[in-house]
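Below is one structure, written out as structure tokens, with a few remarks after it.
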Amino acid sequence: MTNRIIADISDYIFVSDKPAVSDAIFLPGGAHPQQPEYAAELYHQGYAKRILPSGGVSVKMDKWPGVQYKADIYTGEYDTDCGFFEDVLRKNGVPADAIIGEYRSGHTRDNAYLTRETADKAGLVIHTAMIICKAFHARRCLMLYQMAFPETEFRVCPVHCFDITKENWHTTEEGVDRVLGELERCGGQFPGDIKRYLDGERSRQPAGVL
């Protein structure tokens, strides 16, 4: 790949914003503790009062894969992403009443839309939010959570897992596979969702605005 192609893909996939005070922090599912650890850090710094972890069992594996990092520290008998994330949050000092979990989702789309159901049932009004996800997962998480929460202003605050970064992804086979897989999913996985989102955006425009 030429440097221009690498740069364009990198800029698109690896969304990254600085943290900002928000109504909530969203945690799309996973088995790495870096996401909830960072969420706990931001919570203690006063960036948000609510953390919404999400995730059941991956539809690809049909079972929980086990802790992927720091398994010597996080030793619980976890059977869902959300259960694992909640334990990490509590072990890092986040009180239980600040955590609102979603345990059913099996993929990223469900992370977003079932979290929306969970937030609505809890009566949460979320004008601003941060998404803490794997760095190479950032664009797809942003797209799906934005469609599930069209009224919310998002910031994406990623963490690095599998040692895959914006700078090095193209240097390893695993990095290339994961990043190009994300690129493919962003274009082909949910066209219906995007069309519905765009229809909704048009309906919210004042009369006469194109």
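Identifiers in this document derive from the order of the structure tokens: chains are assigned A, B, ..., residues are numbered from 1 separately in each chain, and ligands are numbered from 1 in order of occurrence.
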Would you pick out the contacts of Gln35 in chain A at 8 Å or less, using only C-alpha atoms, so that residues sharing its chain but fewer than 4 positions from it are not included, and give the list as a ChimeraX atom specification? /A:27,39,132-134,158-159
List every residue of range 161-191 of chain A that DSSP, applied to the backbone, labels as helix (DSSP H, G or I), and write the result as a VMD selection string. chain A and resid 169 to 171 173 to 188 191
Point out the residue among A:Gly46, A:Gly175, A:Pro95, A:Gly101 with the least atom-to-atom distance to His137 in chain A, counting only C-alpha atoms.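 Answer, going by the shortest atom-to-atom distance: A:Gly175.
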Excluding same-chain residues fewer than 3 positions from Val125 in chain A, what lies within 12 Å of it counting only C-alpha atoms, as an NGL selection string? :A and (22-24 or 50 or 116-122 or 128-129 or 149 or 151-152)
Run DSSP on the backbone and grab whatever in range 103-154 of chain A lands in strand (DSSP E or B); send it over as a PyMOL selection string. chain A and resi 128-131+134+153-154
Quick one: write out the picked residues with C-alpha atoms as a compact mmCIF listing (two decimals), in the first residue's frame?
# COMPACT_ATOMS: atom_id res chain seq x y z
CA THR A 128 -23.09 14.32 25.56
CA ALA A 129 -21.16 11.06 25.86
CA MET A 130 -17.75 9.49 25.49
CA ILE A 131 -17.19 6.10 23.87
CA LYS A 134 -10.48 -0.35 21.06
CA GLU A 153 -22.82 14.66 20.86
CA PHE A 154 -20.07 12.04 21.02
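Here CA of Leu142 in chain A is placed at a distance of 25.2 Å from CA of Asn3 in chain A.
The shortest atom-to-atom distance to Tyr69 in chain A, with only C-alpha atoms taken into account, belongs to A:Phe162 out of A:Phe162, A:Phe14, A:Phe136, A:Tyr145.
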Pick from A:Ile73, A:Val94, A:Ala31, A:Ile126: nearest to Tyr43 in chain A, with only C-alpha atoms counted?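 Closest to Tyr43 in chain A, using only C-alpha atoms: A:Val94.
Shell of Gly30 in chain A at 10 Å, with only C-alpha atoms counted and residues fewer than 3 places along the chain excluded, is Leu27, Pro33, Gln34, Gln35, Pro36, Pro53, Ser54, Gly55, Gly56, Val57, Ser58, Trp64, Pro65, Gly66, Val67, Gln68, Thr80, Asp81, Cys82, Phe84, Phe85, His107, Thr108, Cys133 and Lys134 of chain A.
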